[in-house]
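Structure file data_37.cif (mmCIF, C-alpha atoms and all ligand atoms) follows.
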```cif
data_upload
#
loop_
_atom_site.label_atom_id
_atom_site.label_comp_id
_atom_site.auth_asym_id
_atom_site.auth_seq_id
_atom_site.Cartn_x
_atom_site.Cartn_y
_atom_site.Cartn_z
CA MET A 1 -34.37 -22.81 123.98
CA TYR A 2 -32.99 -19.33 124.26
CA THR A 3 -33.55 -18.25 127.87
CA TYR A 4 -33.96 -14.58 128.63
CA LEU A 5 -34.55 -14.62 132.36
CA GLN A 6 -31.33 -14.29 134.33
CA GLU A 7 -30.42 -14.19 138.00
CA ARG A 8 -31.47 -11.00 139.78
CA GLY A 9 -27.83 -9.94 140.19
CA TYR A 10 -27.50 -9.68 136.41
CA TYR A 11 -30.20 -6.98 136.28
CA GLU A 12 -28.85 -5.19 139.34
CA ASN A 13 -25.42 -4.96 137.73
CA LEU A 14 -26.91 -3.75 134.48
CA TYR A 15 -29.03 -1.12 136.21
CA ASP A 16 -26.12 0.15 138.30
CA LYS A 17 -23.83 0.28 135.29
CA MET A 18 -26.35 2.54 133.55
CA THR A 19 -26.62 4.67 136.69
CA VAL A 20 -22.85 5.11 136.82
CA ALA A 21 -22.77 6.02 133.14
CA ASP A 22 -25.51 8.64 133.62
CA ALA A 23 -23.81 9.99 136.72
CA ARG A 24 -20.40 10.30 135.07
CA ARG A 25 -21.85 12.29 132.21
CA GLY A 26 -23.72 14.55 134.66
CA GLN A 27 -20.61 14.94 136.79
CA TYR A 28 -18.62 15.91 133.70
CA TYR A 29 -20.98 18.79 132.95
CA TYR A 30 -21.25 19.78 136.60
CA ASP A 31 -17.46 19.96 137.00
CA ASP A 32 -17.27 22.04 133.87
CA PHE A 33 -19.96 24.37 135.22
CA VAL A 34 -18.17 24.78 138.56
CA ALA A 35 -14.85 25.49 136.86
CA ARG A 36 -16.42 28.22 134.77
CA LEU A 37 -18.30 29.66 137.75
CA ALA A 38 -15.12 29.73 139.85
CA LYS A 39 -13.30 31.60 137.11
CA LYS A 40 -16.13 34.10 136.81
CA VAL A 41 -16.40 34.89 140.51
CA ARG A 42 -12.62 35.27 140.82
CA GLN A 43 -12.74 37.96 138.15
CA LEU A 44 -15.33 39.99 140.06
CA ASP A 45 -14.29 43.17 141.81
CA PRO A 46 -13.80 42.42 144.65
CA PRO A 47 -13.12 38.72 143.91
CA ASP A 48 -15.81 36.39 145.16
CA ASP A 49 -15.60 32.89 146.58
CA LEU A 50 -17.63 29.79 145.65
CA SER A 51 -18.16 28.95 149.32
CA ARG A 52 -20.32 32.05 149.86
CA PRO A 53 -23.92 30.88 150.62
CA GLY A 54 -25.36 32.43 147.44
CA ASN A 55 -22.81 30.64 145.24
CA ALA A 56 -23.06 27.40 147.22
CA LEU A 57 -26.81 27.44 146.65
CA LEU A 58 -26.24 27.97 142.94
CA MET A 59 -23.87 24.99 142.89
CA ASN A 60 -26.40 22.85 144.74
CA MET A 61 -29.01 23.73 142.14
CA ALA A 62 -26.61 22.93 139.32
CA TYR A 63 -25.62 19.62 140.87
CA MET A 64 -29.25 18.62 141.17
CA GLN A 65 -29.98 19.64 137.59
CA PHE A 66 -26.94 17.90 136.10
CA LEU A 67 -27.18 14.66 138.06
CA GLY A 68 -28.79 14.85 141.51
CA TYR A 69 -32.43 14.55 140.45
CA GLU A 70 -31.57 11.78 138.01
CA LEU A 71 -29.65 9.79 140.63
CA LEU A 72 -32.39 10.07 143.23
CA SER A 73 -34.98 9.11 140.67
CA ARG A 74 -32.92 6.09 139.54
CA TYR A 75 -32.41 5.04 143.14
CA GLU A 76 -36.11 5.32 143.90
CA GLN A 77 -37.13 3.41 140.78
CA ARG A 78 -34.46 0.72 140.99
CA GLU A 79 -36.54 -2.07 142.53
CA GLN A 80 -39.52 -1.42 140.30
CA THR A 81 -37.50 -1.22 137.09
CA ILE A 82 -35.55 -4.38 137.84
CA GLY A 83 -38.83 -6.13 138.65
CA GLU A 84 -40.26 -5.00 135.32
CA TRP A 85 -37.17 -6.16 133.42
CA MET A 86 -37.37 -9.59 135.04
CA GLU A 87 -41.07 -9.80 134.40
CA ARG A 88 -40.53 -8.86 130.74
CA ASP A 89 -37.91 -11.58 130.32
CA ARG A 90 -40.04 -14.12 132.19
CA ALA A 91 -42.91 -13.34 129.79
CA ARG A 92 -40.59 -13.74 126.80
CA ASP A 93 -39.48 -17.15 128.03
CA GLN A 94 -43.08 -18.14 128.62
CA ARG A 95 -44.03 -17.00 125.12
CA ILE A 96 -41.19 -18.95 123.55
CA SER A 97 -42.11 -22.03 125.51
CA ASN A 98 -45.81 -21.79 124.53
CA THR A 99 -45.23 -21.17 120.81
CA GLU A 100 -45.61 -24.03 118.30
CA LEU A 101 -46.33 -23.94 114.56
CA LYS A 102 -50.01 -24.58 113.75
CA HIS A 103 -49.17 -26.76 110.77
CA GLU A 104 -46.39 -29.18 110.09
CA SER A 105 -43.79 -27.52 107.86
CA PRO A 106 -41.56 -29.10 105.23
CA CYS A 107 -37.77 -28.96 105.17
CA GLN A 108 -36.70 -25.84 103.27
CA HIS A 109 -33.99 -27.85 101.47
CA CYS A 110 -35.33 -31.32 100.55
CA GLY A 111 -39.06 -30.64 101.10
CA LYS A 112 -39.63 -33.65 103.36
CA LEU A 113 -41.89 -33.50 106.42
CA GLY A 114 -40.81 -34.68 109.82
CA ILE A 115 -38.38 -31.91 110.69
CA LYS A 116 -37.72 -31.51 114.44
CA CYS A 117 -37.72 -28.19 116.31
CA SER A 118 -34.30 -27.71 117.79
CA TYR A 119 -34.37 -24.13 118.96
CA LYS A 120 -36.63 -21.07 119.46
CA ILE A 121 -35.84 -17.41 119.87
CA LEU A 122 -37.60 -14.03 119.85
CA MET A 123 -36.56 -11.82 116.96
CA ARG A 124 -37.83 -8.77 115.11
CA ARG A 125 -39.16 -9.31 111.61
CA ASP A 126 -38.81 -6.25 109.32
CA GLN A 127 -38.27 -3.97 112.33
CA ASN A 128 -41.74 -4.79 113.61
CA GLU A 129 -42.75 -6.40 116.88
CA GLU A 130 -40.89 -9.40 118.19
CA LEU A 131 -41.97 -12.81 116.92
CA VAL A 132 -40.82 -16.27 117.86
CA LEU A 133 -38.51 -17.81 115.25
CA LEU A 134 -38.41 -21.61 115.32
CA LEU A 135 -35.39 -23.55 114.03
CA PHE A 136 -35.72 -27.08 112.72
CA ARG A 137 -33.30 -29.90 111.88
CA CYS A 138 -34.07 -32.27 109.02
CA ASN A 139 -33.49 -35.97 109.67
CA ASN A 140 -33.33 -36.61 105.94
CA CYS A 141 -30.83 -34.04 104.62
CA HIS A 142 -29.48 -32.88 108.01
CA LYS A 143 -29.89 -29.22 107.12
CA ASN A 144 -31.55 -26.42 109.11
CA SER A 145 -34.87 -24.74 108.34
CA ALA A 146 -36.47 -21.77 110.08
CA TYR A 147 -40.07 -20.56 110.30
CA TRP A 148 -41.68 -17.60 112.06
CA GLU A 149 -44.43 -18.42 114.54
CA ASP A 150 -47.13 -17.42 112.03
CA GLY A 151 -45.84 -20.00 109.54
CA ALA A 152 -43.88 -17.61 107.28
CA PRO A 153 -40.55 -19.09 106.21
CA TYR A 154 -37.50 -17.20 107.43
CA GLU A 155 -36.17 -15.08 104.55
CA VAL A 156 -32.84 -16.53 103.58
CA ASN A 157 -30.13 -14.04 102.82
CA HIS A 158 -28.85 -15.14 99.39
CA ASP A 159 -25.89 -12.79 99.49
CA ASN A 160 -24.32 -15.23 101.86
CA GLU A 161 -23.10 -18.28 99.96
CA SER A 162 -22.37 -20.40 102.97
CA GLU A 163 -25.16 -22.92 103.30
CA ASN A 164 -25.90 -23.01 106.97
CA CYS A 165 -24.89 -19.67 108.32
CA GLU A 166 -27.81 -17.93 106.58
CA ILE A 167 -30.16 -19.49 109.12
CA PRO A 168 -29.64 -18.38 112.68
CA THR A 169 -28.00 -20.94 114.88
CA LYS A 170 -26.98 -20.81 118.48
CA SER A 171 -23.58 -19.46 117.53
CA ASN A 172 -24.67 -16.73 115.13
CA LEU A 173 -27.77 -15.56 116.96
CA PRO A 174 -27.99 -11.82 117.45
CA LYS A 175 -26.33 -10.74 120.64
CA LYS A 176 -28.47 -9.33 123.40
CA LYS A 177 -28.69 -5.57 123.32
CA THR A 178 -26.36 -3.82 125.67
CA SER A 179 -27.18 -0.63 127.49
CA LYS A 180 -24.75 1.53 125.55
CA LYS A 181 -25.93 5.05 125.06
CA HIS A 182 -24.25 6.95 122.27
CA ASP A 183 -26.47 9.96 122.60
CA ILE A 184 -23.88 12.16 124.18
CA LYS A 185 -22.05 14.22 121.61
CA ASP A 186 -19.58 16.16 123.65
CA ILE A 187 -18.01 13.21 125.36
CA ASP A 188 -16.36 10.69 123.09
CA ASP A 189 -14.44 9.01 125.84
CA PRO A 190 -15.83 5.52 126.49
CA TYR A 191 -15.10 6.14 130.17
CA TYR A 192 -18.46 7.88 130.27
CA TRP A 193 -20.64 5.39 128.48
CA ASN A 194 -18.99 2.11 127.58
CA ILE A 195 -18.23 1.10 131.12
CA ASP A 196 -16.45 -2.17 131.75
CA PRO A 197 -16.99 -2.89 135.45
CA GLU A 198 -14.30 -5.60 135.42
CA HIS A 199 -11.46 -3.39 134.29
CA ASP A 200 -12.64 0.12 135.18
CA PRO A 201 -10.50 1.32 138.09
CA ASP A 202 -13.12 3.81 139.31
CA TYR A 203 -16.20 1.64 138.85
CA ALA A 204 -16.54 0.22 142.37
CA LYS A 205 -16.01 3.63 143.94
CA ASP A 206 -18.44 5.34 141.56
CA ARG A 207 -21.07 2.68 142.04
CA TYR A 208 -20.76 3.05 145.79
CA LYS A 209 -21.38 6.77 145.53
CA PHE A 210 -23.89 7.11 142.71
CA CYS A 211 -26.03 4.11 143.68
CA PHE A 212 -26.18 5.41 147.27
CA TYR A 213 -24.56 2.58 149.15
CA ASP A 214 -23.79 5.42 151.56
CA GLU A 215 -27.18 6.25 153.06
CA HIS A 216 -25.96 9.36 154.78
CA TRP A 217 -25.11 10.78 151.37
CA LEU A 218 -28.55 9.75 150.14
CA LYS A 219 -30.16 11.67 152.98
CA GLN A 220 -28.06 14.75 152.25
CA LEU A 221 -29.08 14.78 148.62
CA ARG A 222 -32.72 14.28 149.50
CA ASP A 223 -32.49 17.24 151.89
CA VAL A 224 -31.13 19.36 149.08
CA ARG A 225 -33.99 18.28 146.83
CA ASP A 226 -36.57 19.05 149.53
CA GLY A 227 -34.94 22.42 150.22
CA LEU A 228 -35.04 23.40 146.56
CA GLU A 229 -38.63 22.23 146.25
CA LYS A 230 -39.56 24.34 149.26
CA MET A 231 -37.78 27.30 147.74
CA SER A 232 -39.59 26.92 144.45
CA LYS A 233 -42.96 26.67 146.25
CA LEU A 234 -42.12 29.78 148.18
CA GLY A 235 -41.15 31.53 144.94
CA ARG A 236 -44.49 30.59 143.41
CA TYR A 237 -46.27 31.78 146.54
CA PHE A 238 -44.57 35.17 146.35
CA ALA A 239 -45.27 35.47 142.63
CA GLU A 240 -48.96 34.69 143.16
CA ARG A 241 -49.16 37.00 146.12
CA ASP A 242 -47.60 39.80 144.08
CA GLN A 243 -50.04 39.13 141.28
CA GLN A 244 -52.98 39.27 143.67
CA LYS A 245 -51.64 42.48 145.17
CA ASP A 246 -51.34 43.96 141.69
CA MET A 247 -54.92 43.00 140.96
CA ILE A 248 -56.18 44.62 144.15
CA ARG A 249 -54.28 47.77 143.33
CA ALA A 250 -55.61 47.72 139.76
CA VAL A 251 -59.21 47.34 140.95
CA GLU A 252 -58.63 50.23 143.33
CA GLN A 253 -57.76 52.41 140.37
CA ILE A 254 -61.17 51.93 138.80
CA LYS A 255 -63.49 54.68 140.02
CA LYS A 256 -66.99 53.57 140.92
CA LEU A 257 -69.11 56.49 139.81
CA SER A 258 -72.70 57.08 140.87
CA VAL A 259 -75.11 58.36 138.25
CA VAL A 260 -74.69 61.97 139.29
CA GLU A 261 -70.89 61.63 139.40
CA LEU A 262 -70.99 60.20 135.91
CA MET A 263 -73.11 63.08 134.64
CA ASN A 264 -70.80 65.61 136.27
CA ALA A 265 -67.75 63.94 134.81
CA LEU A 266 -69.00 63.55 131.27
CA THR A 267 -70.87 66.81 130.66
CA PRO A 268 -67.91 69.24 130.77
CA VAL A 269 -65.58 67.08 128.62
CA ILE A 270 -68.26 66.63 125.96
CA GLU A 271 -69.08 70.34 125.97
CA ALA A 272 -65.39 71.21 125.66
CA LYS A 273 -65.35 69.49 122.27
CA HIS A 274 -68.12 71.63 120.83
CA TYR A 275 -71.22 69.68 121.68
CA ALA A 276 -74.11 71.35 123.53
CA LYS A 277 -77.25 70.45 125.51
CA VAL A 278 -75.78 67.32 127.01
CA ASN A 279 -78.76 65.48 128.39
CA PHE A 280 -79.19 62.23 130.34
CA SER A 281 -82.43 60.21 130.50
CA ALA A 282 -83.74 58.46 133.59
CA PRO A 283 -81.62 55.36 134.35
CA GLN A 284 -83.07 51.94 133.49
CA THR A 285 -82.64 49.18 136.01
CA GLY A 286 -82.14 45.66 134.73
CA ARG A 287 -79.26 43.24 134.95
CA ASN A 288 -77.10 46.32 134.51
CA LEU A 289 -78.02 49.90 135.23
CA THR A 290 -78.16 51.69 131.85
CA MET A 291 -78.70 55.31 130.90
CA GLU A 292 -79.20 57.10 127.59
CA PHE A 293 -77.52 60.36 126.82
CA SER A 294 -77.69 62.82 123.98
CA CYS A 295 -76.10 66.07 122.80
CA ILE A 296 -76.05 68.42 119.81
CA ASP A 297 -73.06 69.07 117.60
CA THR A 298 -72.42 72.81 117.46
CA GLN A 299 -70.01 72.62 114.55
CA PRO A 300 -72.19 72.54 111.39
CA ASP A 301 -69.30 71.57 109.11
CA ARG A 302 -68.37 68.47 111.17
CA GLN A 303 -69.55 65.46 109.16
CA ALA A 304 -71.69 62.69 110.70
CA TYR A 305 -68.85 60.16 110.67
CA GLN A 306 -66.35 62.56 112.24
CA SER A 307 -68.84 63.82 114.81
CA THR A 308 -69.79 60.30 115.88
CA ARG A 309 -66.16 59.23 116.10
CA ASP A 310 -65.14 62.28 118.14
CA LEU A 311 -67.93 61.78 120.66
CA LYS A 312 -67.20 58.07 121.01
CA ARG A 313 -63.54 58.78 121.68
CA ILE A 314 -64.35 61.42 124.29
CA VAL A 315 -66.73 59.11 126.15
CA ASP A 316 -64.45 56.06 125.92
CA GLU A 317 -61.44 58.00 127.20
CA GLU A 318 -63.30 59.64 130.04
CA MET A 319 -64.91 56.34 131.14
CA LEU A 320 -61.78 54.20 130.74
CA LEU A 321 -60.85 54.05 134.42
CA THR A 322 -64.41 54.03 135.70
CA ASN A 323 -67.11 51.38 136.05
CA TRP A 324 -69.09 52.81 133.13
CA ARG A 325 -68.91 51.75 129.48
CA LEU A 326 -70.50 52.86 126.25
CA MET A 327 -72.84 50.10 125.11
CA SER A 328 -72.00 48.09 122.02
CA ASP A 329 -74.70 49.70 119.86
CA GLY A 330 -72.44 52.78 119.79
CA ILE A 331 -73.35 56.39 118.98
CA HIS A 332 -76.29 57.37 116.74
CA TYR A 333 -76.30 60.52 114.62
CA ARG A 334 -79.28 62.33 113.16
CA LEU A 335 -79.22 65.93 111.84
CA GLY A 336 -76.52 66.92 114.31
CA VAL A 337 -78.15 65.21 117.28
CA LEU A 338 -76.06 62.44 118.77
CA SER A 339 -77.17 59.79 121.25
CA GLY A 340 -75.86 56.66 122.91
CA ARG A 341 -76.28 54.42 125.92
CA LEU A 342 -74.05 53.88 128.91
CA LYS A 343 -73.88 50.80 131.09
CA ALA A 344 -72.72 50.56 134.70
CA ILE A 345 -70.59 47.61 135.85
CA GLU A 346 -71.32 46.83 139.49
CA ASN A 347 -70.51 43.15 139.91
CA PRO A 348 -67.12 42.83 141.68
CA ASP A 349 -66.10 39.91 139.41
CA GLU A 350 -66.81 41.95 136.30
CA ILE A 351 -64.90 44.92 137.70
CA ARG A 352 -62.00 42.58 138.44
CA LYS A 353 -62.07 41.29 134.87
CA LEU A 354 -62.13 44.83 133.60
CA ALA A 355 -59.15 45.71 135.79
CA GLU A 356 -57.26 42.62 134.63
CA LYS A 357 -57.80 43.54 131.00
CA LEU A 358 -56.68 47.12 131.57
CA LEU A 359 -53.64 45.91 133.50
CA GLN A 360 -52.64 43.47 130.77
CA SER A 361 -53.06 46.04 128.03
CA GLY A 362 -50.94 48.50 130.02
CA LYS A 363 -53.78 51.01 130.39
CA ILE A 364 -53.52 50.77 134.15
CA ARG A 365 -50.02 51.47 135.34
CA LEU A 366 -49.24 50.51 138.88
CA PRO A 367 -46.79 52.69 140.76
CA LYS A 368 -43.62 50.69 141.50
CA GLU A 369 -43.12 49.34 144.99
CA THR A 370 -40.13 50.87 146.69
CA GLU A 371 -36.81 49.02 146.43
CA THR A 372 -36.58 48.61 150.20
CA LYS A 373 -39.79 46.64 150.25
CA LYS A 374 -38.56 44.31 147.50
CA SER A 375 -35.20 43.54 149.05
CA ASN A 376 -36.88 42.84 152.38
CA LYS A 377 -39.08 40.30 150.68
CA ASN A 378 -36.09 38.50 149.15
CA ASP A 379 -34.25 38.45 152.44
CA SER A 380 -37.15 36.83 154.20
CA ALA A 381 -37.52 34.24 151.41
CA TYR A 382 -33.85 33.45 151.58
CA THR A 383 -33.59 33.00 155.32
CA GLU A 384 -36.72 30.89 155.32
CA ILE A 385 -35.56 28.42 152.68
CA ALA A 386 -31.87 28.31 153.10
CA PRO A 387 -31.16 27.11 156.59
CA ASP A 388 -27.70 25.56 156.89
CA GLY A 389 -29.03 22.08 156.32
CA THR A 390 -29.99 22.70 152.72
CA ILE A 391 -26.61 23.95 151.57
CA ILE A 392 -23.96 21.30 151.40
CA HIS A 393 -20.70 21.15 149.55
CA LEU A 394 -21.19 18.55 146.86
ZN ZN A 401 -34.30 -31.84 104.47
#
```

Would you mind writing the file's structure down as structure tokens?
Amino acid sequence: MYTYLQERGYYENLYDKMTVADARRGQYYYDDFVARLAKKVRQLDPPDDLSRPGNALLMNMAYMQFLGYELLSRYEQREQTIGEWMERDRARDQRISNTELKHESPCQHCGKLGIKCSYKILMRRDQNEELVLLLFRCNNCHKNSAYWEDGAPYEVNHDNESENCEIPTKSNLPKKKTSKKHDIKDIDDPYYWNIDPEHDPDYAKDRYKFCFYDEHWLKQLRDVRDGLEKMSKLGRYFAERDQQKDMIRAVEQIKKLSVVELMNALTPVIEAKHYAKVNFSAPQTGRNLTMEFSCIDTQPDRQAYQSTRDLKRIVDEEMLLTNWRLMSDGIHYRLGVLSGRLKAIENPDEIRKLAEKLLQSGKIRLPKETETKKSNKNDSAYTEIAPDGTIIHL
């Protein structure tokens, strides 16, 4: 029988080899990044230095992005992944051991029954899921036959003239898949992916580092990760706080007009556009306070459509930054008399929504905070999240 399950050390070596390969690729990009950054800061006027805290923090972030997060994650998942690999192989062995053909099958060469199963293996049929392939030896003609576990005969490759090698045998069985990853395009050098632990001069050293045999190094990298996480939380906190502040300031810009204030605000602007006898009815109380208004167009040659549109625009513009809105039934026109209804928004949530909409559409413009305030905020964020412990030279 083909046996999948190996000693634990086999999986550990495989896992670590993949870790080293990942780490070398990440390190390659990180080194490249640092080289370019160093060149850039040297060209500044005055020239800058990578060891300055701001640059060191940038390098820490880059290191984590290129390989740090991946290494910590691989370290933390090592036991579980190896356990899953072993469990998968144990299940494969169990499946192979439990699989028999339901019906006795004839020799694929002489057609006689009585062939003996000599070998079993898991293989893919037509790129589909893995099936057990059973190999048989004929006592009559001494040739090999092969059947899939569901009874289908193994498709013989007729391009191959040699009689026996068309059926898998122990010697020509497909090799186990290796962990080669060819996905990296920029690095052709097998040093980065086709690692040979036996002959690779740097392997032991790299494994020691990247698989965290040095626990002090592990702790340092975890501190960096925690520091960056804290910084990002703090960044989110400031962003949300700024957003909330903006909302409060936007709501403050919406004037809450009483009925009399509304009348006093609207009447002169309507009259200024050649409407007369602006009149308001008694307010109606319901879910919202509503109030009808009317006026007379004093320009006889202004058409109904134009007159209605003008009045609507005047009212909408004047009410834009207040808690009053023209109701959706709009403005009515009859023989030069125009009327409409206004609605008050009193609920704080609705006013907030109104403010949000106006802010998003750019109709409310918030005065900019002074530069001093902003730089103070950044300073406090920086000192809070970048104590010496979080910046290390990687
Ligand atoms: Zn036979």

Test item: residues no farther than 9 Å from ligand ZN 401 (chain A), counting all atoms listed in the file, as an NGL selection string: :A and (106-115 or 137-145)

Shell around Ile248 in chain A at 12 Å using only C-alpha atoms, local window under 2 positions removed, as a PyMOL selection string: chain A and resi 241-246+250-254+348-349+351-353+355-356+359+366

Take the residues from that selection and put them in a file with C-alpha atoms, as a compact mmCIF listing (two decimals), keeping the file's coordinate frame.
```txt
# COMPACT_ATOMS: atom_id res chain seq x y z
CA ARG A 241 -49.16 37.00 146.12
CA ASP A 242 -47.60 39.80 144.08
CA GLN A 243 -50.04 39.13 141.28
CA GLN A 244 -52.98 39.27 143.67
CA LYS A 245 -51.64 42.48 145.17
CA ASP A 246 -51.34 43.96 141.69
CA ALA A 250 -55.61 47.72 139.76
CA VAL A 251 -59.21 47.34 140.95
CA GLU A 252 -58.63 50.23 143.33
CA GLN A 253 -57.76 52.41 140.37
CA ILE A 254 -61.17 51.93 138.80
CA PRO A 348 -67.12 42.83 141.68
CA ASP A 349 -66.10 39.91 139.41
CA ILE A 351 -64.90 44.92 137.70
CA ARG A 352 -62.00 42.58 138.44
CA LYS A 353 -62.07 41.29 134.87
CA ALA A 355 -59.15 45.71 135.79
CA GLU A 356 -57.26 42.62 134.63
CA LEU A 359 -53.64 45.91 133.50
CA LEU A 366 -49.24 50.51 138.88
```

Shortest interatomic distance to Arg90 in chain A - which of A:Val337, A:Thr322, A:Lys205, A:Gln6, counting only C-alpha atoms: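 Using only C-alpha atoms, Arg90 in chain A sits closest to A:Gln6.
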
Can you build me a table of range 7-74 of chain A residues sitting at most 7 Å from range 209-220 of chain A, with the closest atom pair per residue and its distance in Å to one decimal, using all atoms listed in the file, sorted by chain and residue number, as JSON lines?
```
{"residue": "A:Asp16", "atom": "CA", "partner": "A:Cys211", "partner_atom": "CA", "distance": 6.7}
{"residue": "A:Val20", "atom": "CA", "partner": "A:Phe210", "partner_atom": "CA", "distance": 6.3}
{"residue": "A:Ala23", "atom": "CA", "partner": "A:Phe210", "partner_atom": "CA", "distance": 6.6}
{"residue": "A:Leu71", "atom": "CA", "partner": "A:Phe210", "partner_atom": "CA", "distance": 6.7}
```

Near-range 148-157 of chain A list (8 Å; all atoms listed in the file; drop same-chain fewer than 5 positions) as a list in words: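 Contacts, with the query itself left out: Thr99, Glu100, Leu101, Lys102, His103, Ser105, Leu131, Val132, Leu133, Leu134, Glu166 and Ile167 of chain A.
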
Of the listed residues A:Ala239, A:Ala146, A:Leu67, A:Leu311, that which approaches Arg24 in chain A most closely, counting only C-alpha atoms: A:Leu67

Long-range neighbours of Asp196 in chain A as an MDAnalysis selection string, 12 Å cut-off, only C-alpha atoms, 3 positions minimum in chain: chainID A and resid 13:14 16:18 20:21 178:180 190:193 199:204

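Straight-line separation from CA of Gln306 in chain A to CA of Ser328 in chain A: 18.4 Å.
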
A:Leu320, A:Leu72, A:Ile270, A:Leu326 ranked by distance to Lys256 in chain A, top pick (using all atoms listed in the file):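 So, comparing all the options, the nearest one is A:Leu320.
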
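For the set A:Arg225, A:Lys230, A:Lys255, A:Arg325, the residue with the smallest atom-to-atom gap to Arg313 in chain A is A:Arg325, counting all atoms listed in the file.
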